[in-house]
Amino acid sequence: MKTIKMPKSFLLKDGSMRNTILTLSKLIETKNKEIAIDFSEIQELEKGDLMVLFAQMEKSIITHRNKLFRKGRLPSEKKIKTTLLSADKIFHINKAIEIPEISDAEKEKLLSPRLVDDIVKDLKKIGIKEYYYPFNVFLTELIGNAVEHGIENKNINWWLTHEIDRKNRIVKYTFVDMGMGIINSHKKAKLPIKYYFFSDKRIVLDALFGKLGSSTKMSYRGRGLPQLREMIENGLVANLTLITNNVSLNFQNGVFIANKNPNFVGTYYSWTIDQNNFQKWKNSQLI
């Protein structure tokens, strides 16, 4: 049996990102084995990161036929233990696509409009009582991208959670698409030859700025990342982290900064929304 010991800081951010991704990669790289996961030393863990672990565990079981077990005791800290034992407000779709063509009506259902609507309405819990329409568009685009790529690859698999901090009036969102990832999807779709001379960072940045379009080659897709970029630049959402394949992206001092990291299977997004973001949108409506 192979044992995977979870790091003390199991977080997909800052200095913890590299170790966390390396730990997750062990789940995906191992095939046809029994794997024991040791949670005992975790001291830092957030709900969104736990959701990503669940997503990678599922992929490990389904794709590589691994059998997973928990080893040892749970962490003693109450907050960490509570997070590990709670799956509250984690939304997940894993759907095999077996038919060659899907109707527009079925695609509309796959976009989970009621779920998106409920999540947008949850902003009232931090004092945003008016409906935040740009957030609906943004979240629908993220799910839409996961759906279109999932249809193409015969499996739709995405996860979403949000953590509501009523005291500080802020919501943190985490979304993960367990497909191929932005870079690998574009490479599979055959990039223009110039990209073979660029780093993978360039692929992600050009996708973000709409220079690559959609790897599905569908004219109506490819809007999700540019939509995300516009919302970040306009301050409508904040604290973006995007991780896909071997690139991570953050928005710092008005600039998108791309960095190299170990390979992350899929595409991870996290961001926050608070009253300041909502007010910037309201102010833009007055101009």
# chains A, B, ... in the order shown; residues from 1 in each chain; ligands from 1
call {"tool": "closest_atom_pairs", "arguments": {"of": "stretch 149-238 of chain A", "to": "stretch 121-127 of chain A", "cutoff": "9 Å", "atoms": "only C-alpha atoms", "output": "tab-separated table"}}
result
residue	atom	partner	partner_atom	distance
A:Ile164	CA	A:Ile126	CA	7.6
A:Asp165	CA	A:Ile126	CA	7.5
A:Arg166	CA	A:Ile126	CA	5.5
A:Lys167	CA	A:Ile126	CA	8.2
A:Asn168	CA	A:Ile126	CA	8.1
A:Arg169	CA	A:Ile126	CA	4.6
A:Ile170	CA	A:Ile126	CA	6.4
A:Val171	CA	A:Leu123	CA	7.6
call {"tool": "residues_around", "arguments": {"residues": "A:Ile183", "least_positions_apart": "6", "cutoff": "8 Å", "atoms": "only C-alpha atoms", "output": "list in words"}}
result
Asp200, Ile203, Val204, Thr244 and Asn245 of chain A
call {"tool": "closest_atom_pairs", "arguments": {"of": "stretch 122-229 of chain A", "to": "stretch 9-30 of chain A", "cutoff": "12 Å", "atoms": "only C-alpha atoms", "output": "JSON lines"}}
result
{"residue": "A:Thr174", "atom": "CA", "partner": "A:Leu12", "partner_atom": "CA", "distance": 10.6}
{"residue": "A:Val176", "atom": "CA", "partner": "A:Leu12", "partner_atom": "CA", "distance": 12.0}
{"residue": "A:Met178", "atom": "CA", "partner": "A:Ile28", "partner_atom": "CA", "distance": 11.5}
call {"tool": "residues_around", "arguments": {"residues": "A:Lys154", "least_positions_apart": "6", "cutoff": "8 Å", "atoms": "only C-alpha atoms", "output": "list in words"}}
result
Ala96, Ile97 and Glu98 of chain A
call {"tool": "atom_distance", "arguments": {"atom1": "atom CA of A:Asn250", "atom2": "atom CA of A:Ser270"}}
result
10.1 Å
call {"tool": "select_by_dssp", "arguments": {"residues": "stretch 100-200 of chain A", "states": "alpha helix (DSSP H)", "output": "PyMOL selection string"}}
result
chain A and resi 104-110+113-121+133-152+182-188+200
